[in-house]
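> Following this message is one structure expressed as structure tokens.
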Amino acid sequence: MKERIDRLAQNHILPREELLDLIQNISEADKAYLFEKSLEAKETFYDKSVFMRGLIEISSYCAQNCTYCGIRRDNENAERYRLSVDEILGCCDEGYRLGYRTFVLQGGEDPYYTDERLLELIHAVKGKYDDIAITLSLGERSYDSYKVLKAAGADRYLLRHETASRALYESLHPDMSFDNRRQCLKDLKTLGFQVGAGFMVGLPGQTADDLVEDLMFLKELEPHMVGIGPFIPHSETPIGHNPGGTVDQTLLMISLVRLILPMTLLPSTTALGTIDEKGREKALKVGANVIMPNLSPTDVRAKYALYENKICTGDEAAHCRACIEGRINSVGFYVDMSKGDHYEWR
Ligand code: 5AD
Ligand code: FES
């Protein structure tokens with residue numbers, strides 16, 4: 001297995017069968033070796049740094065109905081809110097003071113956000129600070145809409161592919177199109193965004209084959225960022241009675257993606273920090289290099305509940321900023337507050 005891991009670290013790809021066998025049969029000793037290699041790959045490009053992004057959850061309204069997600073449109077118990085432009089600018093001000101130079105504006109697929117309204121929002125944020133990056137994470141939109149957002153000054157866009165297996169995707173999103181989601185990712189790349197894809201680990205019915213499919217898809221798409229987190233059941237969703245993904249599985253996938261796309265930006269996700277108190281530190285140790293602390297106003301945090309028991313819902317932005325830095329330092333890394341572009345964009 002060590003020879004195979006070396007080959008993966010060198011060539012950044014393996015034949016499908018070898019990836020499948022690795023995911024299914026890797027021993028604890030070989031996993032330790034794999035993690036060593038994936039951390040080495042991260043440090044080749046990003047040294048000991050960890051990029052910080054300020055996450056602002058701008059709306060919990062969502063027109064989609066993903067069966068895993070707590071803010072799906074059919075969840076009548078989900079509390080809905082939408083931040084005003086002034087509230088969002090307030091979060092940015094606080095974030096800017098704390099040193100953040102990337103703001104991630106994330107929300108459900110909220111029809112309130114027409115191109116005109118987003119344009120106004122992007123202009124308001126970009127007009128206020130001249131040295132920041134804006135990342136949008138607002139779901140599927142048309143090519144023309146993405147084009148307007150890019151022209152308005154948005155720099156990056158996060159749209160997880162969720163799973164690269166068509167059958168699994170369709171079972172989790174009965175009224176969505178697998179092809180359209182992929183098309184969106186391609187459109188975003190074509191338009192010149194730095195693009196983030198990503199998937200959940202431990203979804204009900206997800207097999208090792210499906211995870212290999214995720215790896216092959218990412219290799220082909222070559223996104224600038226890949227968000228990987230465990231599925232965490234939410235009791236008010238159709239699939240909320242299933243077990244969630246594990247830390248082990250998630251770390252394995254993070255390390256494999258690091259070796260397949262060595263320069264990619266890999267967040268250590270809040271979902272991983274939710275299922276394991278030391279989850280985010282563990283991800284950093286296997287090659288993750290981005291953390292997105294929450295800048296949303298504390299009174300709305302709990303309402304943006306994609307899954308249950310989400311961490312940090314009661315914590316002020318300044319508290320999270322300090323907490324995260326402590327965690328990053330505790331495992332031998334340091335905080336990088338710069339815009340934090342992908343290696344090839346510098
Ligand atoms: N568990 C884990 N992750 C989830 N997401 C949505 N619902 C859940 C859940 N129940 C993830 C999706 C989405 C991202 C913003 O959050 O991958 O793209
Ligand atoms: Fe929010 Fe630790 S990151 S409290």
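Chains: A, B, ... in order of the structure tokens. Residues: from 1 per chain. Ligands: from 1, in order shown.
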Run DSSP on the backbone of this structure and report the residues of region 66-130 of chain A it assigns to helix (DSSP H, G or I), as a list in words.
Val85, Asp86, Glu87, Ile88, Leu89, Gly90, Cys91, Cys92, Asp93, Glu94, Gly95, Tyr96, Arg97, Asp115, Glu116, Arg117, Leu118, Leu119, Glu120, Leu121, Ile122, His123, Ala124, Val125, Lys126, Gly127 and Lys128 of chain A
> Could you list, with a cut-off of 12 Å and counting only C-alpha atoms and all ligand atoms, the residues of chain A near ligand 2, each shown with its nearest atom pair and the distance in Å rounded to one decimal, rows sorted by chain and ascending number, as CSV?

residue,atom,partner,partner_atom_place_in_ligand_line,distance
A:Met52,CA,ligand 2,3 (S),11.3
A:Arg53,CA,ligand 2,3 (S),12.0
A:Gly54,CA,ligand 2,3 (S),11.2
A:Leu55,CA,ligand 2,1 (Fe),11.4
A:Ser268,CA,ligand 2,3 (S),11.3
A:Thr269,CA,ligand 2,3 (S),10.6
A:Thr270,CA,ligand 2,3 (S),8.4
A:Ala271,CA,ligand 2,3 (S),11.7
A:Leu272,CA,ligand 2,3 (S),11.9
A:Gly273,CA,ligand 2,3 (S),8.7
A:Thr274,CA,ligand 2,3 (S),10.4
A:Glu277,CA,ligand 2,2 (Fe),9.6
A:Lys278,CA,ligand 2,2 (Fe),10.5
A:Gly279,CA,ligand 2,2 (Fe),11.5
A:Arg280,CA,ligand 2,3 (S),9.4
A:Glu281,CA,ligand 2,3 (S),11.2
A:Ile291,CA,ligand 2,3 (S),9.2
A:Met292,CA,ligand 2,3 (S),8.7
A:Pro293,CA,ligand 2,3 (S),5.9
A:Asn294,CA,ligand 2,1 (Fe),6.9
A:Leu295,CA,ligand 2,1 (Fe),9.5
A:Ser296,CA,ligand 2,1 (Fe),11.2
A:Thr298,CA,ligand 2,1 (Fe),10.9
A:Arg301,CA,ligand 2,1 (Fe),11.2
A:Lys310,CA,ligand 2,1 (Fe),10.1
A:Ile311,CA,ligand 2,1 (Fe),6.8
A:Cys312,CA,ligand 2,1 (Fe),4.2
A:Thr313,CA,ligand 2,1 (Fe),7.6
A:Gly314,CA,ligand 2,4 (S),8.0
A:Asp315,CA,ligand 2,4 (S),5.6
A:Glu316,CA,ligand 2,1 (Fe),7.6
A:Ala317,CA,ligand 2,1 (Fe),7.4
A:Ala318,CA,ligand 2,1 (Fe),8.7
A:His319,CA,ligand 2,4 (S),6.0
A:Cys320,CA,ligand 2,1 (Fe),3.6
A:Arg321,CA,ligand 2,3 (S),6.6
A:Ala322,CA,ligand 2,2 (Fe),7.6
A:Cys323,CA,ligand 2,2 (Fe),4.4
A:Ile324,CA,ligand 2,3 (S),4.9
A:Glu325,CA,ligand 2,3 (S),8.6
A:Gly326,CA,ligand 2,2 (Fe),8.8
A:Arg327,CA,ligand 2,2 (Fe),8.0
A:Ile328,CA,ligand 2,3 (S),10.5
> Write the residues of the selection above to a file with N, CA and C atoms, as a short mmCIF file (atom, residue, chain, number, x, y, z; two decimals), in the first residue's frame.

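And here is the file that came out, selection.cif:
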data_model
loop_
_atom_site.label_atom_id
_atom_site.label_comp_id
_atom_site.auth_asym_id
_atom_site.auth_seq_id
_atom_site.Cartn_x
_atom_site.Cartn_y
_atom_site.Cartn_z
N MET A 52 -7.95 32.24 6.54
CA MET A 52 -9.20 32.49 7.26
C MET A 52 -10.19 33.21 6.35
N ARG A 53 -11.44 32.78 6.41
CA ARG A 53 -12.52 33.45 5.67
C ARG A 53 -13.62 33.77 6.67
N GLY A 54 -14.22 34.95 6.54
CA GLY A 54 -15.34 35.28 7.42
C GLY A 54 -16.65 34.88 6.75
N LEU A 55 -17.38 33.99 7.41
CA LEU A 55 -18.63 33.47 6.83
C LEU A 55 -19.83 34.27 7.34
N SER A 268 -11.23 23.12 6.53
CA SER A 268 -11.49 22.26 7.68
C SER A 268 -12.87 22.70 8.14
N THR A 269 -13.87 21.85 7.94
CA THR A 269 -15.26 22.33 7.99
C THR A 269 -15.87 22.35 9.39
N THR A 270 -16.86 23.23 9.50
CA THR A 270 -17.63 23.34 10.75
C THR A 270 -18.34 22.01 11.04
N ALA A 271 -18.77 21.32 9.99
CA ALA A 271 -19.45 20.03 10.21
C ALA A 271 -18.50 19.04 10.90
N LEU A 272 -17.24 19.05 10.50
CA LEU A 272 -16.26 18.15 11.13
C LEU A 272 -16.02 18.58 12.59
N GLY A 273 -16.00 19.89 12.82
CA GLY A 273 -15.85 20.39 14.19
C GLY A 273 -17.08 20.09 15.04
N THR A 274 -18.20 19.86 14.39
CA THR A 274 -19.43 19.57 15.11
C THR A 274 -19.49 18.13 15.59
N GLU A 277 -14.95 17.34 18.75
CA GLU A 277 -14.44 18.58 19.35
C GLU A 277 -13.07 18.95 18.75
N LYS A 278 -12.30 17.96 18.35
CA LYS A 278 -10.99 18.24 17.76
C LYS A 278 -10.98 18.00 16.24
N GLY A 279 -12.16 17.92 15.65
CA GLY A 279 -12.26 17.59 14.23
C GLY A 279 -11.52 18.56 13.32
N ARG A 280 -11.66 19.85 13.62
CA ARG A 280 -11.01 20.83 12.73
C ARG A 280 -9.49 20.74 12.81
N GLU A 281 -8.96 20.50 14.01
CA GLU A 281 -7.51 20.33 14.15
C GLU A 281 -7.05 19.09 13.39
N ILE A 291 -9.98 27.85 7.09
CA ILE A 291 -11.06 27.76 8.09
C ILE A 291 -11.98 28.97 7.90
N MET A 292 -13.26 28.73 8.04
CA MET A 292 -14.25 29.79 7.82
C MET A 292 -15.04 30.09 9.09
N PRO A 293 -14.48 30.86 9.98
CA PRO A 293 -15.24 31.19 11.19
C PRO A 293 -16.45 32.05 10.86
N ASN A 294 -17.43 31.97 11.74
CA ASN A 294 -18.72 32.60 11.51
C ASN A 294 -18.72 34.07 11.92
N LEU A 295 -19.20 34.91 10.99
CA LEU A 295 -19.34 36.35 11.29
C LEU A 295 -20.81 36.76 11.36
N SER A 296 -21.72 35.79 11.22
CA SER A 296 -23.15 36.15 11.24
C SER A 296 -23.52 36.72 12.61
N THR A 298 -25.06 36.97 16.11
CA THR A 298 -25.34 35.79 16.96
C THR A 298 -26.83 35.48 17.06
N ARG A 301 -27.68 33.01 14.19
CA ARG A 301 -26.83 31.83 13.97
C ARG A 301 -27.57 30.50 14.04
N LYS A 310 -24.92 22.31 15.56
CA LYS A 310 -23.85 23.09 14.94
C LYS A 310 -23.10 23.91 16.00
N ILE A 311 -21.78 23.90 15.90
CA ILE A 311 -20.97 24.61 16.89
C ILE A 311 -21.00 26.13 16.65
N CYS A 312 -20.59 26.87 17.66
CA CYS A 312 -20.37 28.32 17.58
C CYS A 312 -21.64 29.15 17.45
N THR A 313 -22.83 28.55 17.61
CA THR A 313 -24.03 29.34 17.36
C THR A 313 -24.21 30.46 18.39
N GLY A 314 -23.57 30.33 19.56
CA GLY A 314 -23.73 31.39 20.56
C GLY A 314 -22.53 32.31 20.66
N ASP A 315 -21.55 32.11 19.80
CA ASP A 315 -20.28 32.81 20.00
C ASP A 315 -20.10 34.03 19.10
N GLU A 316 -19.66 35.12 19.72
CA GLU A 316 -19.39 36.35 18.97
C GLU A 316 -18.23 36.11 17.99
N ALA A 317 -18.22 36.91 16.93
CA ALA A 317 -17.18 36.78 15.91
C ALA A 317 -15.77 36.85 16.51
N ALA A 318 -15.59 37.78 17.44
CA ALA A 318 -14.26 37.96 18.02
C ALA A 318 -13.85 36.71 18.81
N HIS A 319 -14.85 36.09 19.45
CA HIS A 319 -14.55 34.89 20.22
C HIS A 319 -14.09 33.77 19.27
N CYS A 320 -14.81 33.58 18.17
CA CYS A 320 -14.44 32.53 17.21
C CYS A 320 -13.06 32.80 16.60
N ARG A 321 -12.82 34.06 16.31
CA ARG A 321 -11.52 34.44 15.72
C ARG A 321 -10.38 33.98 16.63
N ALA A 322 -10.53 34.27 17.93
CA ALA A 322 -9.49 33.91 18.89
C ALA A 322 -9.45 32.40 19.11
N CYS A 323 -10.61 31.81 19.22
CA CYS A 323 -10.71 30.36 19.45
C CYS A 323 -10.01 29.60 18.33
N ILE A 324 -10.31 30.00 17.11
CA ILE A 324 -9.74 29.30 15.95
C ILE A 324 -8.22 29.47 15.90
N GLU A 325 -7.77 30.68 16.18
CA GLU A 325 -6.32 30.88 16.14
C GLU A 325 -5.63 29.96 17.15
N GLY A 326 -6.21 29.85 18.32
CA GLY A 326 -5.65 28.95 19.34
C GLY A 326 -5.60 27.52 18.84
N ARG A 327 -6.68 27.11 18.18
CA ARG A 327 -6.74 25.74 17.68
C ARG A 327 -5.70 25.51 16.58
N ILE A 328 -5.57 26.50 15.69
CA ILE A 328 -4.59 26.38 14.59
C ILE A 328 -3.17 26.28 15.16
#
> Env of region 103-110 of chain A: 7 Å cut, atoms = only C-alpha atoms, seq-sep filter 4 positions within chain, self excluded. Answer as a PyMOL selection string.
chain A and resi 53-64+133-139
> Take the selection from the previous step and output its residues with N, CA, C and O atoms, as an mmCIF file, in the first residue's frame.

data_model
loop_
_atom_site.group_PDB
_atom_site.id
_atom_site.type_symbol
_atom_site.label_atom_id
_atom_site.label_comp_id
_atom_site.auth_asym_id
_atom_site.auth_seq_id
_atom_site.Cartn_x
_atom_site.Cartn_y
_atom_site.Cartn_z
ATOM 1 N N ARG A 53 -11.444 32.779 6.410
ATOM 2 C CA ARG A 53 -12.524 33.450 5.675
ATOM 3 C C ARG A 53 -13.618 33.774 6.673
ATOM 4 O O ARG A 53 -13.954 32.914 7.508
ATOM 5 N N GLY A 54 -14.219 34.955 6.542
ATOM 6 C CA GLY A 54 -15.341 35.282 7.421
ATOM 7 C C GLY A 54 -16.648 34.876 6.754
ATOM 8 O O GLY A 54 -16.977 35.350 5.668
ATOM 9 N N LEU A 55 -17.384 33.990 7.413
ATOM 10 C CA LEU A 55 -18.628 33.473 6.829
ATOM 11 C C LEU A 55 -19.833 34.273 7.336
ATOM 12 O O LEU A 55 -20.026 34.415 8.543
ATOM 13 N N ILE A 56 -20.612 34.786 6.398
ATOM 14 C CA ILE A 56 -21.828 35.517 6.764
ATOM 15 C C ILE A 56 -23.019 34.803 6.127
ATOM 16 O O ILE A 56 -23.107 34.698 4.898
ATOM 17 N N GLU A 57 -23.888 34.287 6.977
ATOM 18 C CA GLU A 57 -25.043 33.511 6.496
ATOM 19 C C GLU A 57 -26.192 34.487 6.259
ATOM 20 O O GLU A 57 -26.893 34.875 7.187
ATOM 21 N N ILE A 58 -26.350 34.893 5.001
ATOM 22 C CA ILE A 58 -27.207 36.060 4.729
ATOM 23 C C ILE A 58 -28.703 35.740 4.653
ATOM 24 O O ILE A 58 -29.522 36.633 4.814
ATOM 25 N N SER A 59 -29.072 34.500 4.411
ATOM 26 C CA SER A 59 -30.505 34.176 4.332
ATOM 27 C C SER A 59 -30.735 32.700 4.610
ATOM 28 O O SER A 59 -29.998 31.843 4.100
ATOM 29 N N SER A 60 -31.759 32.400 5.389
ATOM 30 C CA SER A 60 -32.098 30.990 5.629
ATOM 31 C C SER A 60 -33.330 30.573 4.829
ATOM 32 O O SER A 60 -33.875 29.500 5.048
ATOM 33 N N TYR A 61 -33.781 31.460 3.915
ATOM 34 C CA TYR A 61 -34.863 31.051 3.015
ATOM 35 C C TYR A 61 -34.261 30.182 1.929
ATOM 36 O O TYR A 61 -33.171 30.467 1.431
ATOM 37 N N CYS A 62 -34.973 29.101 1.562
ATOM 38 C CA CYS A 62 -34.452 28.268 0.482
ATOM 39 C C CYS A 62 -35.578 27.662 -0.333
ATOM 40 O O CYS A 62 -36.535 27.120 0.210
ATOM 41 N N ALA A 63 -35.429 27.781 -1.638
ATOM 42 C CA ALA A 63 -36.444 27.256 -2.561
ATOM 43 C C ALA A 63 -36.200 25.785 -2.875
ATOM 44 O O ALA A 63 -37.034 25.131 -3.502
ATOM 45 N N GLN A 64 -35.057 25.266 -2.444
ATOM 46 C CA GLN A 64 -34.747 23.867 -2.747
ATOM 47 C C GLN A 64 -35.166 22.969 -1.593
ATOM 48 O O GLN A 64 -35.501 23.437 -0.500
ATOM 49 N N ALA A 133 -11.681 40.010 -0.835
ATOM 50 C CA ALA A 133 -12.301 39.131 -1.834
ATOM 51 C C ALA A 133 -13.715 38.793 -1.364
ATOM 52 O O ALA A 133 -13.952 38.635 -0.164
ATOM 53 N N ILE A 134 -14.623 38.714 -2.321
ATOM 54 C CA ILE A 134 -15.984 38.266 -2.015
ATOM 55 C C ILE A 134 -16.194 36.880 -2.592
ATOM 56 O O ILE A 134 -15.949 36.629 -3.775
ATOM 57 N N THR A 135 -16.627 35.985 -1.722
ATOM 58 C CA THR A 135 -17.012 34.646 -2.142
ATOM 59 C C THR A 135 -18.517 34.541 -1.994
ATOM 60 O O THR A 135 -19.058 34.895 -0.949
ATOM 61 N N LEU A 136 -19.183 34.071 -3.033
ATOM 62 C CA LEU A 136 -20.627 33.853 -2.942
ATOM 63 C C LEU A 136 -20.907 32.361 -2.811
ATOM 64 O O LEU A 136 -20.172 31.528 -3.367
ATOM 65 N N SER A 137 -21.951 32.029 -2.065
ATOM 66 C CA SER A 137 -22.375 30.637 -1.957
ATOM 67 C C SER A 137 -23.889 30.657 -1.845
ATOM 68 O O SER A 137 -24.460 30.644 -0.758
ATOM 69 N N LEU A 138 -24.528 30.772 -2.997
ATOM 70 C CA LEU A 138 -25.971 31.039 -3.049
ATOM 71 C C LEU A 138 -26.689 30.063 -3.969
ATOM 72 O O LEU A 138 -27.800 30.333 -4.437
ATOM 73 N N GLY A 139 -26.046 28.960 -4.263
ATOM 74 C CA GLY A 139 -26.726 27.917 -5.011
ATOM 75 C C GLY A 139 -26.697 28.082 -6.517
ATOM 76 O O GLY A 139 -25.886 28.826 -7.068
#
> Identify which of the residues A:Leu188, A:Leu265, A:Leu172, A:Ala32 lies closest to ligand 1, counting only C-alpha atoms and all ligand atoms when measuring atom-to-atom distances.
A:Leu172
> How would you report the residues lying within 8 Å of ligand 1, as JSON, numbers by chain, if you count only C-alpha atoms and all ligand atoms?
{"A": [66, 68, 69, 70, 106, 137, 159, 160, 161, 162, 198, 199, 200, 227, 228, 229, 230, 231, 232, 233, 234, 240, 244, 271, 306, 307, 308]}
> Could you tell me which of A:Leu284, A:Asp209, A:Met216, A:Thr246 comes closest to Pro15 (chain A) if we count only C-alpha atoms?
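Closest residue, counting only C-alpha atoms: A:Met216.
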> From a DSSP pass on the backbone, collect the residues of region 23-163 of chain A flagged as strand (DSSP E or B) and hand them back as a list in words.
Ser49, Val50, Phe51, Met52, Gly54, Leu55, Ile56, Glu57, Ile58, Ser59, Arg82, Thr102, Phe103, Val104, Leu105, Gln106, Gly107, Ala133, Ile134, Thr135, Leu136, Ser137, Arg156, Tyr157, Leu158 and Glu162 of chain A
> Looking at only C-alpha atoms, which of A:Asp175, A:Glu36, A:Glu3, A:Asp276 is the one that sits closest to Asp248 (chain A)?
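Nearest candidate to Asp248 (chain A) out of A:Asp175, A:Glu36, A:Glu3, A:Asp276: A:Asp276.
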> Using only C-alpha atoms, find the one residue out of A:Phe178, A:Tyr129, A:Tyr334, A:Tyr46 that sits nearest to Gly95 (chain A).
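Answer, going by the shortest atom-to-atom distance: A:Tyr129.
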> For a test of reading the model, state the distance in Å between CA of Asn180 (chain A) and CA of Glu344 (chain A), rounded to one decimal.
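CA of Glu344 (chain A) lies 27.4 Å from CA of Asn180 (chain A).
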